[in-house]
file model_12.txt (compact mmCIF, C-alpha atoms)
# COMPACT_ATOMS: atom_id res chain seq x y z
CA MET E 343 0.00 0.00 0.00
CA ASN E 344 1.28 3.46 -0.84
CA VAL E 345 1.08 5.64 2.23
CA THR E 346 -0.65 8.86 1.31
CA SER E 347 -2.78 11.49 2.99
CA GLY E 348 -6.01 10.08 1.64
CA GLU E 349 -6.18 12.77 -1.04
CA ASP E 350 -4.89 12.81 -4.58
CA THR E 351 -1.15 13.33 -4.40
CA PRO E 352 0.25 15.82 -6.92
CA ASN E 353 2.57 14.25 -9.44
CA ALA E 354 6.20 14.81 -8.44
CA PRO E 355 8.77 13.55 -10.96
CA ARG E 356 11.96 12.22 -9.46
CA LEU E 357 15.02 14.46 -9.23
CA ASP E 358 17.57 12.56 -11.33
CA VAL E 359 20.75 13.49 -9.47
CA ASP E 360 23.09 11.39 -11.60
CA THR E 361 21.86 12.95 -14.84
CA LEU E 362 22.34 16.38 -13.28
CA LEU E 363 25.89 15.61 -12.13
CA ASP E 364 26.91 13.79 -15.31
CA ASP E 365 25.87 16.68 -17.55
CA PRO E 366 29.05 18.66 -18.36
CA ALA E 367 26.88 21.74 -18.81
CA THR E 368 26.17 21.68 -15.06
CA ARG E 369 28.98 23.74 -13.57
CA ILE E 370 27.50 24.95 -10.27
CA VAL E 371 25.12 23.27 -7.82
CA VAL E 372 23.81 25.47 -5.02
CA CYS E 373 22.26 23.75 -1.97
CA CYS E 374 19.94 26.08 -0.10
CA GLY E 375 17.38 25.76 2.66
CA ALA E 376 16.75 26.56 6.30
CA GLY E 377 19.35 25.79 8.94
CA GLY E 378 19.57 22.26 10.28
CA VAL E 379 18.04 20.44 7.30
CA GLY E 380 21.23 18.79 6.05
CA LYS E 381 22.51 21.22 3.40
CA THR E 382 26.14 20.58 4.34
CA THR E 383 25.74 16.81 4.16
CA THR E 384 23.82 17.05 0.87
CA ALA E 385 26.49 19.30 -0.67
CA ALA E 386 29.30 16.95 0.42
CA ALA E 387 27.44 13.87 -0.83
CA LEU E 388 26.78 15.49 -4.21
CA GLY E 389 30.42 16.51 -4.52
CA LEU E 390 31.63 13.01 -3.64
CA ARG E 391 29.21 11.30 -6.04
CA ALA E 392 30.18 13.70 -8.81
CA ALA E 393 33.90 12.97 -8.26
CA GLU E 394 33.28 9.21 -8.33
CA ARG E 395 31.44 9.68 -11.62
CA GLY E 396 34.36 11.52 -13.21
CA ARG E 397 33.87 15.18 -12.35
CA HIS E 398 36.54 17.43 -10.86
CA ALA E 399 34.48 18.93 -8.05
CA VAL E 400 35.03 21.39 -5.23
CA VAL E 401 32.65 21.86 -2.28
CA ILE E 402 32.49 25.19 -0.49
CA THR E 403 30.81 25.30 2.92
CA VAL E 404 30.12 27.93 5.54
CA ASP E 405 29.09 25.40 8.18
CA PRO E 406 30.66 26.44 11.51
CA ALA E 407 30.39 22.95 12.99
CA ARG E 408 33.19 21.69 10.70
CA ARG E 409 31.27 18.49 10.08
CA LEU E 410 32.21 18.58 6.42
CA ALA E 411 35.93 18.23 7.18
CA GLN E 412 35.25 15.30 9.47
CA SER E 413 33.05 13.53 6.95
CA LEU E 414 35.59 13.98 4.17
CA GLY E 415 38.49 12.77 6.28
CA VAL E 416 40.29 16.13 6.17
CA GLU E 417 41.92 17.41 9.36
CA SER E 418 40.69 20.94 8.83
CA LEU E 419 39.29 23.20 6.14
CA ASP E 420 40.12 26.82 5.45
CA ASN E 421 39.74 29.39 2.70
CA THR E 422 41.89 27.38 0.29
CA PRO E 423 40.40 24.27 -1.39
CA ARG E 424 42.02 21.12 0.05
CA PRO E 425 42.16 17.77 -1.78
CA VAL E 426 40.08 14.93 -0.38
CA ALA E 427 41.72 11.49 -0.44
CA LEU E 428 39.52 9.25 -2.57
CA PRO E 429 39.93 5.52 -3.26
CA GLU E 430 42.51 4.60 -5.88
CA GLY E 431 40.98 4.41 -9.32
CA THR E 432 38.38 7.15 -8.69
CA ARG E 433 37.69 8.74 -12.06
CA GLY E 434 37.41 12.31 -10.82
CA SER E 435 38.71 14.43 -7.95
CA LEU E 436 37.27 16.26 -4.97
CA HIS E 437 38.41 19.35 -3.08
CA ALA E 438 36.71 21.06 -0.15
CA MET E 439 37.01 24.40 1.60
CA MET E 440 35.37 26.35 4.40
CA LEU E 441 34.62 30.01 3.79
CA ASP E 442 36.68 32.52 5.74
CA MET E 443 34.67 35.64 5.04
CA LYS E 444 37.30 38.11 6.29
CA ARG E 445 40.08 36.46 4.30
CA THR E 446 37.88 36.52 1.19
CA PHE E 447 37.03 40.19 1.77
CA ASP E 448 40.75 40.94 2.19
CA GLU E 449 41.56 39.13 -1.06
CA VAL E 450 39.06 41.25 -3.01
CA VAL E 451 40.46 44.46 -1.53
CA GLU E 452 44.03 43.39 -2.35
CA GLU E 453 43.00 42.56 -5.92
CA HIS E 454 41.25 45.87 -6.62
CA ALA E 455 43.41 48.37 -4.73
CA ASP E 456 47.03 49.37 -5.12
CA PRO E 457 49.27 48.09 -2.28
CA GLU E 458 49.23 51.34 -0.27
CA ARG E 459 45.46 51.82 -0.57
CA ALA E 460 44.89 48.17 0.32
CA ARG E 461 47.07 48.59 3.40
CA GLN E 462 45.00 51.59 4.52
CA ILE E 463 41.72 49.71 4.06
CA LEU E 464 42.84 46.49 5.76
CA ALA E 465 44.19 48.40 8.79
CA ASN E 466 41.08 50.54 9.17
CA PRO E 467 39.05 49.64 12.32
CA PHE E 468 35.75 50.31 10.55
CA TYR E 469 36.71 47.89 7.76
CA GLN E 470 37.75 45.26 10.29
CA THR E 471 34.30 45.44 11.87
CA LEU E 472 32.53 45.46 8.51
CA SER E 473 34.46 42.44 7.21
CA THR E 474 33.68 40.26 10.22
CA SER E 475 30.29 41.20 11.62
CA PHE E 476 28.19 43.31 9.25
CA SER E 477 24.89 41.64 8.40
CA GLY E 478 25.14 40.09 4.97
CA THR E 479 28.94 40.00 4.76
CA GLN E 480 29.09 36.20 5.08
CA GLU E 481 26.48 35.75 2.36
CA TYR E 482 28.20 38.28 0.10
CA MET E 483 31.56 36.59 0.53
CA ALA E 484 30.09 33.15 -0.15
CA MET E 485 29.00 34.46 -3.53
CA GLU E 486 32.36 36.21 -4.01
CA LYS E 487 34.22 32.96 -3.35
CA LEU E 488 31.93 31.16 -5.79
CA GLY E 489 32.87 33.72 -8.44
CA GLN E 490 36.58 33.27 -7.69
CA LEU E 491 36.41 29.48 -7.97
CA ARG E 492 34.42 29.65 -11.20
CA GLN E 493 36.83 32.12 -12.74
CA SER E 494 39.84 29.98 -11.84
CA GLY E 495 38.66 27.16 -14.11
CA ALA E 496 40.38 24.58 -11.87
CA TRP E 497 37.17 22.58 -11.34
CA ASP E 498 34.38 21.61 -13.70
CA LEU E 499 31.81 21.44 -10.89
CA ILE E 500 31.37 23.71 -7.85
CA VAL E 501 28.96 22.64 -5.10
CA VAL E 502 27.95 25.43 -2.72
CA ASP E 503 26.60 24.90 0.79
CA THR E 504 24.89 28.24 1.42
CA PRO E 505 24.84 30.01 4.80
CA PRO E 506 22.09 28.82 7.14
CA SER E 507 19.39 31.44 6.77
CA ARG E 508 15.77 31.43 7.79
CA SER E 509 15.10 34.82 6.17
CA ALA E 510 14.59 33.59 2.62
CA LEU E 511 17.60 33.67 0.30
CA ASP E 512 19.89 36.17 2.02
CA PHE E 513 22.83 35.18 -0.12
CA LEU E 514 20.97 36.49 -3.19
CA ASP E 515 20.19 39.81 -1.50
CA ALA E 516 23.51 40.34 0.28
CA PRO E 517 25.50 41.91 -2.59
CA GLN E 518 22.83 44.52 -3.21
CA ARG E 519 22.35 45.14 0.53
CA LEU E 520 26.05 45.54 1.21
CA GLY E 521 26.40 47.78 -1.83
CA ARG E 522 23.51 49.99 -0.77
CA PHE E 523 25.05 50.32 2.68
CA LEU E 524 28.50 51.28 1.39
CA ASP E 525 27.07 53.71 -1.14
CA GLY E 526 24.23 54.98 1.06
CA ARG E 527 23.48 58.60 1.81
CA LEU E 528 24.03 58.21 5.54
CA ILE E 529 27.54 56.81 5.02
CA ARG E 530 28.36 59.64 2.61
CA PHE E 531 26.94 62.20 5.01
CA LEU E 532 28.83 60.91 8.03
CA SER E 533 32.08 60.53 6.14
CA ALA E 534 32.08 63.90 4.36
CA PRO E 535 34.55 66.46 5.75
CA ALA E 536 32.69 69.32 7.42
CA ASN E 537 34.71 72.04 5.69
CA THR E 538 34.23 70.95 2.07
CA GLY E 539 31.61 71.12 -0.64
CA ALA E 540 27.99 71.94 0.16
CA PHE E 541 28.51 71.22 3.86
CA ARG E 542 30.78 74.28 4.13
CA LEU E 543 27.84 76.44 3.10
CA LEU E 544 25.80 75.14 6.03
CA GLY E 545 28.25 76.82 8.40
CA ALA E 546 27.41 76.73 12.09
CA GLY E 547 24.28 74.64 11.53
CA PHE E 548 26.24 71.73 10.09
CA SER E 549 28.89 72.10 12.77
CA LEU E 550 26.16 71.68 15.36
CA VAL E 551 24.90 68.53 13.61
CA THR E 552 28.34 66.99 13.40
CA SER E 553 28.96 67.87 17.03
CA VAL E 554 25.85 65.93 18.05
CA VAL E 555 26.80 62.99 15.80
CA ASN E 556 30.28 62.99 17.32
CA LYS E 557 28.81 62.71 20.79
CA ILE E 558 26.53 59.83 19.78
CA LEU E 559 28.93 57.80 17.65
CA GLY E 560 32.27 59.05 18.90
CA ALA E 561 34.79 61.16 17.04
CA GLN E 562 37.13 58.22 16.49
CA LEU E 563 34.44 56.15 14.81
CA LEU E 564 33.65 59.00 12.44
CA ASP E 565 37.34 59.46 11.65
CA ASP E 566 37.66 55.75 10.93
CA LEU E 567 34.54 55.82 8.77
CA ARG E 568 35.76 58.82 6.79
CA SER E 569 39.15 57.23 6.20
CA PHE E 570 37.51 53.97 5.15
CA VAL E 571 35.12 55.54 2.63
CA VAL E 572 37.85 57.67 1.07
CA ALA E 573 40.12 54.64 0.66
CA PHE E 574 37.33 52.26 -0.37
CA ASP E 575 36.02 54.54 -3.12
CA THR E 576 38.67 53.21 -5.48
CA VAL E 577 37.58 49.57 -5.11
CA PHE E 578 33.82 49.99 -4.62
CA GLY E 579 33.06 49.82 -8.33
CA GLY E 580 34.89 46.53 -8.55
CA PHE E 581 32.80 45.09 -5.71
CA GLN E 582 29.57 46.09 -7.40
CA ALA E 583 30.65 44.75 -10.77
CA ARG E 584 31.70 41.41 -9.28
CA ALA E 585 28.43 41.11 -7.34
CA GLU E 586 26.40 41.71 -10.49
CA ARG E 587 28.53 39.25 -12.46
CA THR E 588 28.08 36.53 -9.82
CA TYR E 589 24.32 37.18 -9.71
CA ARG E 590 24.14 36.64 -13.49
CA LEU E 591 26.21 33.48 -13.05
CA LEU E 592 23.57 32.14 -10.66
CA GLN E 593 20.91 32.67 -13.32
CA ASP E 594 22.95 30.84 -15.97
CA PRO E 595 21.56 27.49 -17.21
CA GLY E 596 24.79 25.86 -16.04
CA THR E 597 23.77 26.53 -12.44
CA ALA E 598 21.35 24.24 -10.60
CA PHE E 599 19.67 25.11 -7.30
CA VAL E 600 18.77 22.24 -5.00
CA VAL E 601 16.39 23.15 -2.18
CA VAL E 602 16.94 20.98 0.90
CA ALA E 603 14.32 20.33 3.58
CA VAL E 604 13.21 17.78 6.15
CA PRO E 605 9.62 16.50 6.33
CA ASP E 606 8.31 18.84 9.00
CA THR E 607 5.99 21.84 8.79
CA ASP E 608 8.53 24.63 9.28
CA ALA E 609 11.21 23.24 6.96
CA LEU E 610 8.78 22.54 4.11
CA ARG E 611 7.23 25.98 4.54
CA GLU E 612 10.73 27.46 4.21
CA ALA E 613 11.40 25.25 1.20
CA SER E 614 8.20 26.47 -0.44
CA TYR E 615 9.31 30.05 0.04
CA PHE E 616 12.72 29.24 -1.43
CA VAL E 617 11.12 27.67 -4.50
CA ASP E 618 8.90 30.73 -4.99
CA ARG E 619 11.82 33.11 -4.63
CA LEU E 620 14.06 31.17 -7.02
CA THR E 621 11.28 31.08 -9.58
CA ARG E 622 10.64 34.80 -9.22
CA ASP E 623 14.35 35.61 -9.69
CA SER E 624 14.65 33.27 -12.71
CA MET E 625 17.15 31.03 -10.92
CA PRO E 626 17.39 27.50 -12.42
CA LEU E 627 15.75 25.13 -9.92
CA ALA E 628 16.82 21.49 -10.20
CA GLY E 629 14.49 20.19 -7.51
CA LEU E 630 13.83 19.42 -3.87
CA VAL E 631 15.72 17.05 -1.57
CA VAL E 632 13.74 15.78 1.42
CA ASN E 633 16.15 14.54 4.09
CA ARG E 634 15.55 12.24 7.06
CA SER E 635 12.28 10.76 5.88
CA HIS E 636 10.83 7.50 7.18
CA PRO E 637 9.84 5.22 4.28
CA LEU E 638 8.23 1.93 5.14
CA PRO E 639 10.42 -1.17 4.75
CA ASP E 640 9.82 -3.66 1.96
CA GLY E 641 7.71 -6.75 2.68
CA ALA E 642 4.19 -7.81 3.44
CA GLY E 643 4.08 -5.54 6.47
CA ARG E 644 3.86 -2.56 4.14
CA ARG E 645 0.21 -3.44 3.49
CA LEU E 646 -0.62 -3.38 7.21
CA THR E 647 -2.24 -0.08 8.22
CA ALA E 648 -1.58 1.67 11.51
CA ALA E 649 -5.09 0.84 12.72
CA GLN E 650 -4.73 -2.84 11.85
CA ALA E 651 -1.34 -3.06 13.56
CA ALA E 652 -2.66 -1.31 16.68
CA GLU E 653 -5.67 -3.63 16.82
CA ALA E 654 -3.54 -6.76 16.49
CA GLU E 655 -1.10 -5.44 19.11
CA ALA E 656 -3.96 -4.85 21.55
CA VAL E 657 -5.19 -8.44 21.11
CA LEU E 658 -1.72 -9.89 21.78
CA ARG E 659 -1.14 -7.59 24.72
CA GLY E 660 -4.52 -8.54 26.21
CA ALA E 661 -3.73 -12.23 25.85
CA GLY E 662 -0.29 -11.75 27.33
CA THR E 663 1.33 -13.73 24.53
CA HIS E 664 4.00 -13.10 21.90
CA PRO E 665 5.57 -9.98 23.49
CA LEU E 666 8.09 -9.57 20.64
CA ALA E 667 5.37 -9.63 18.00
CA SER E 668 3.38 -7.17 20.09
CA ALA E 669 6.33 -4.79 20.26
CA ALA E 670 6.94 -5.11 16.51
CA LEU E 671 3.30 -4.29 15.77
CA ARG E 672 3.46 -1.26 18.05
CA LEU E 673 6.59 0.03 16.31
CA HIS E 674 5.05 -0.59 12.89
CA ALA E 675 1.92 1.36 13.80
CA GLU E 676 4.04 4.30 14.94
CA ARG E 677 6.15 4.17 11.78
CA VAL E 678 3.08 4.18 9.55
CA ARG E 679 1.65 7.18 11.44
CA ILE E 680 4.92 9.07 10.98
CA ARG E 681 4.93 8.26 7.27
CA GLU E 682 1.32 9.35 6.89
CA HIS E 683 2.14 12.65 8.59
CA GLU E 684 5.11 13.18 6.29
CA ALA E 685 2.91 12.37 3.28
CA ARG E 686 0.33 14.98 4.31
CA LEU E 687 3.03 17.63 4.58
CA ARG E 688 4.48 16.50 1.27
CA ASP E 689 1.13 16.64 -0.49
CA ARG E 690 0.50 20.16 0.78
CA MET E 691 3.78 21.46 -0.63
CA LEU E 692 3.59 19.58 -3.91
CA SER E 693 0.09 20.89 -4.51
CA GLU E 694 1.60 24.41 -4.45
CA HIS E 695 4.56 23.48 -6.68
CA ARG E 696 3.32 20.97 -9.20
CA GLY E 697 5.98 19.38 -11.34
CA ILE E 698 8.90 20.05 -8.98
CA ARG E 699 11.41 17.20 -9.02
CA VAL E 700 11.94 15.43 -5.71
CA ALA E 701 14.62 13.18 -4.23
CA GLU E 702 14.17 11.53 -0.84
CA VAL E 703 16.84 10.47 1.65
CA ALA E 704 15.81 8.21 4.50
CA ALA E 705 16.96 8.97 8.04
CA LEU E 706 20.14 7.10 8.93
CA PRO E 707 20.61 5.35 12.27
CA GLU E 708 23.66 7.50 13.07
CA ASP E 709 25.24 10.81 12.04
CA VAL E 710 27.18 11.09 8.81
CA HIS E 711 30.84 11.03 9.79
CA ASP E 712 32.91 9.53 6.94
CA LEU E 713 33.11 8.95 3.19
CA ALA E 714 31.15 5.71 3.43
CA SER E 715 28.24 7.55 5.05
CA LEU E 716 28.40 10.29 2.42
CA ARG E 717 28.42 7.62 -0.28
CA THR E 718 25.24 6.16 1.21
CA ILE E 719 23.61 9.59 1.10
CA GLY E 720 24.72 10.04 -2.50
CA ALA E 721 23.25 6.68 -3.48
CA ALA E 722 19.96 7.58 -1.81
CA LEU E 723 19.89 10.91 -3.67
CA ALA E 724 20.37 9.05 -6.94
CA ASP E 725 18.26 5.94 -6.35
CA GLY E 726 15.88 6.74 -3.52
CA PRO E 727 16.06 5.55 0.08
CA SER E 728 16.38 1.88 0.91
CA GLY E 729 12.97 0.37 1.38
CA ALA E 730 11.18 3.19 -0.41
CA ALA E 731 10.02 1.17 -3.39
CA GLY E 732 6.26 1.30 -3.59
CA ASP E 733 6.31 4.08 -1.00
CA SER E 734 7.38 6.79 -3.39
CA TRP E 735 6.81 10.51 -3.18
CA ASP E 736 5.08 10.64 -6.55
CA SER E 737 2.21 8.26 -5.86
CA SER E 738 -1.31 9.17 -6.83
CA THR E 739 -3.39 6.60 -5.01
CA ARG E 740 -5.76 6.71 -2.07
CA HIS E 741 -5.97 4.64 1.10
call {"tool": "encode", "arguments": {"input": "model_12.txt", "output": "structure tokens"}}
result
Amino acid sequence: MNVTSGEDTPNAPRLDVDTLLDDPATRIVVCCGAGGVGKTTTAAALGLRAAERGRHAVVITVDPARRLAQSLGVESLDNTPRPVALPEGTRGSLHAMMLDMKRTFDEVVEEHADPERARQILANPFYQTLSTSFSGTQEYMAMEKLGQLRQSGAWDLIVVDTPPSRSALDFLDAPQRLGRFLDGRLIRFLSAPANTGAFRLLGAGFSLVTSVVNKILGAQLLDDLRSFVVAFDTVFGGFQARAERTYRLLQDPGTAFVVVAVPDTDALREASYFVDRLTRDSMPLAGLVVNRSHPLPDGAGRRLTAAQAAEAEAVLRGAGTHPLASAALRLHAERVRIREHEARLRDRMLSEHRGIRVAEVAALPEDVHDLASLRTIGAALADGPSGAAGDSWDSSTRH
């Protein structure tokens, strides 16, 4: 029996991960979704499977837990892609790196400014704060690093694990937000010398304003801000141009967005929002990955409903016989209920996004911690979870 919600299930074609990874036209895969849904694991598994199928892949992560390094058998990851040791005879190769947003910011400054101007910017206290803690900097630098890796041409596939964000797709908005901040009127106002240009004409009135601002923000902060804006003016255009170029790269047909979720209300609601936003921004959506699902195992027990299992368990428990069978029936009833709940949530989302391609990964008994575990995840992404046959996410039957 297919476990469904009791209503017609919208058709959901399967996300063919191997076809996606094997296509040489696919150059970038972006894994996005809410925090805690398994984006890092999905990105690593896709990178590993791609390498084993002949691609030269690099995975970039921003995950602070450093689980990616552990899973890939690398001691540590930093802002430079590190090779991952794969079994002898592997057709492709795999590198991995963890985003260092300040180091990436520094690299862009050093590339666009002459040595003396770069030194002034990098030593500026306002810049040091901006490059480490300003809202959106991490997302901006994730996209900047993507652009750097793509431009290098060293890899034919880049897999991006985006920053964990519950406020839609911040990494798409970050370049524009950071640019608006750096080029905003308030920044220009605060950083303008009081004795130049139109401000000189304001005379004592402007002096009074700047005196108040000095008291609120501190004279040193304003001095740092002024110095930063003056020095940064020479590289700002380069930042904007790179941000726009990377944004266009994300819209290119060679990019594929994979939305990752788990089968619970909040995560699928977030996933639905991500799908809507990607569609609105003309970003190429490959499909949806549903992690940690609970498919029913193969066998005759699949046809046993939760109600039937509960009824049989009650009879055995009342008779005081066959305690193991009773426990198995109880567990089966609970598993079916979980699956039915997941199916209802699934149906609700798929009814809003008909035709979206879906891949399902069953929950594993333990955390992913090595290449073998990642390989299992990759196989599930390509073939479906073990025991999911006949319990697919594209059924269209009723109870």
call {"tool": "atom_distance", "arguments": {"input": "model_12.txt", "atom1": "atom CA of Leu390 of chain E", "atom2": "atom CA of Asp364 of chain E"}}
result
12.6 Å
call {"tool": "closest_residue", "arguments": {"input": "model_12.txt", "among": "E:Val571, E:Met443, E:Val400, E:Val617", "to": "Arg424 of chain E", "atoms": "all atoms listed in the file"}}
result
E:Val400
call {"tool": "residues_around", "arguments": {"input": "model_12.txt", "residues": "Gly629 of chain E", "least_positions_apart": "6", "cutoff": "12 Å", "atoms": "all atoms listed in the file", "output": "PyMOL selection string"}}
result
chain E and resi 354-359+362+371-375+598-603+613-614+616-617+620-621+692+695-702+723
call {"tool": "closest_residue", "arguments": {"input": "model_12.txt", "among": "E:Met440, E:Val678, E:Met691, E:Arg672", "to": "Arg645 of chain E", "atoms": "all atoms listed in the file"}}
result
E:Val678
call {"tool": "atom_distance", "arguments": {"input": "model_12.txt", "atom1": "atom CA of Val426 of chain E", "atom2": "atom CA of Ser715 of chain E"}}
result
15.0 Å
call {"tool": "atom_distance", "arguments": {"input": "model_12.txt", "atom1": "atom CA of Ser668 of chain E", "atom2": "atom CA of Ala654 of chain E"}}
result
7.8 Å
call {"tool": "closest_residue", "arguments": {"input": "model_12.txt", "among": "E:Arg369, E:Arg688, E:Arg659, E:Lys381", "to": "Pro595 of chain E", "atoms": "only C-alpha atoms"}}
result
E:Arg369
call {"tool": "residues_around", "arguments": {"input": "model_12.txt", "residues": "segment 432-435 of chain E", "least_positions_apart": "3", "cutoff": "7 Å", "atoms": "all atoms listed in the file", "output": "PyMOL selection string"}}
result
chain E and resi 393-399+428-429
call {"tool": "closest_residue", "arguments": {"input": "model_12.txt", "among": "E:Gln490, E:Thr663, E:Thr446, E:Asn633", "to": "Ala704 of chain E", "atoms": "only C-alpha atoms"}}
result
E:Asn633
call {"tool": "closest_residue", "arguments": {"input": "model_12.txt", "among": "E:Gln650, E:Ala724, E:Leu591, E:Thr422", "to": "His437 of chain E", "atoms": "only C-alpha atoms"}}
result
E:Thr422
call {"tool": "closest_residue", "arguments": {"input": "model_12.txt", "among": "E:Ala455, E:Leu419, E:Leu436, E:Val450", "to": "Glu486 of chain E", "atoms": "all atoms listed in the file"}}
result
E:Val450
call {"tool": "residues_around", "arguments": {"input": "model_12.txt", "residues": "Ala651 of chain E", "least_positions_apart": "4", "cutoff": "10 Å", "atoms": "all atoms listed in the file", "output": "list in words"}}
result
Gly643, Leu646, Thr647, Glu655, Ala656, Ser668, Ala670, Leu671, Arg672, Leu673, His674, Ala675, Glu676 and Val678 of chain E
call {"tool": "build_atoms", "arguments": {"input": "model_12.txt", "residues": "segment 692-706 of chain E", "atoms": "N, CA and C atoms", "output": "mmCIF file, keeping the file's coordinate frame"}}
result
data_model
loop_
_atom_site.group_PDB
_atom_site.id
_atom_site.type_symbol
_atom_site.label_atom_id
_atom_site.label_comp_id
_atom_site.auth_asym_id
_atom_site.auth_seq_id
_atom_site.Cartn_x
_atom_site.Cartn_y
_atom_site.Cartn_z
ATOM 1 N N LEU E 692 3.599 19.907 -2.490
ATOM 2 C CA LEU E 692 3.590 19.580 -3.910
ATOM 3 C C LEU E 692 2.353 20.119 -4.624
ATOM 4 N N SER E 693 1.274 20.304 -3.895
ATOM 5 C CA SER E 693 0.090 20.890 -4.510
ATOM 6 C C SER E 693 0.326 22.352 -4.876
ATOM 7 N N GLU E 694 1.261 23.014 -4.165
ATOM 8 C CA GLU E 694 1.600 24.410 -4.450
ATOM 9 C C GLU E 694 2.674 24.521 -5.523
ATOM 10 N N HIS E 695 3.439 23.439 -5.724
ATOM 11 C CA HIS E 695 4.560 23.480 -6.680
ATOM 12 C C HIS E 695 4.513 22.231 -7.551
ATOM 13 N N ARG E 696 3.490 22.154 -8.370
ATOM 14 C CA ARG E 696 3.320 20.970 -9.200
ATOM 15 C C ARG E 696 4.449 20.852 -10.222
ATOM 16 N N GLY E 697 4.931 19.637 -10.373
ATOM 17 C CA GLY E 697 5.980 19.380 -11.340
ATOM 18 C C GLY E 697 7.385 19.493 -10.790
ATOM 19 N N ILE E 698 7.558 19.960 -9.550
ATOM 20 C CA ILE E 698 8.900 20.050 -8.980
ATOM 21 C C ILE E 698 9.479 18.656 -8.807
ATOM 22 N N ARG E 699 10.741 18.497 -9.128
ATOM 23 C CA ARG E 699 11.410 17.200 -9.020
ATOM 24 C C ARG E 699 11.860 16.975 -7.576
ATOM 25 N N VAL E 700 11.696 15.737 -7.110
ATOM 26 C CA VAL E 700 11.940 15.430 -5.710
ATOM 27 C C VAL E 700 12.850 14.226 -5.557
ATOM 28 N N ALA E 701 13.812 14.322 -4.656
ATOM 29 C CA ALA E 701 14.620 13.180 -4.230
ATOM 30 C C ALA E 701 14.452 13.037 -2.727
ATOM 31 N N GLU E 702 14.419 11.803 -2.265
ATOM 32 C CA GLU E 702 14.170 11.530 -0.840
ATOM 33 C C GLU E 702 15.344 10.759 -0.246
ATOM 34 N N VAL E 703 15.758 11.150 0.931
ATOM 35 C CA VAL E 703 16.840 10.470 1.650
ATOM 36 C C VAL E 703 16.309 10.030 3.003
ATOM 37 N N ALA E 704 16.318 8.732 3.234
ATOM 38 C CA ALA E 704 15.810 8.210 4.500
ATOM 39 C C ALA E 704 16.738 8.559 5.654
ATOM 40 N N ALA E 705 16.164 8.711 6.841
ATOM 41 C CA ALA E 705 16.960 8.970 8.040
ATOM 42 C C ALA E 705 17.900 7.810 8.301
ATOM 43 N N LEU E 706 19.149 8.130 8.615
ATOM 44 C CA LEU E 706 20.140 7.100 8.930
ATOM 45 C C LEU E 706 20.166 6.839 10.430
#
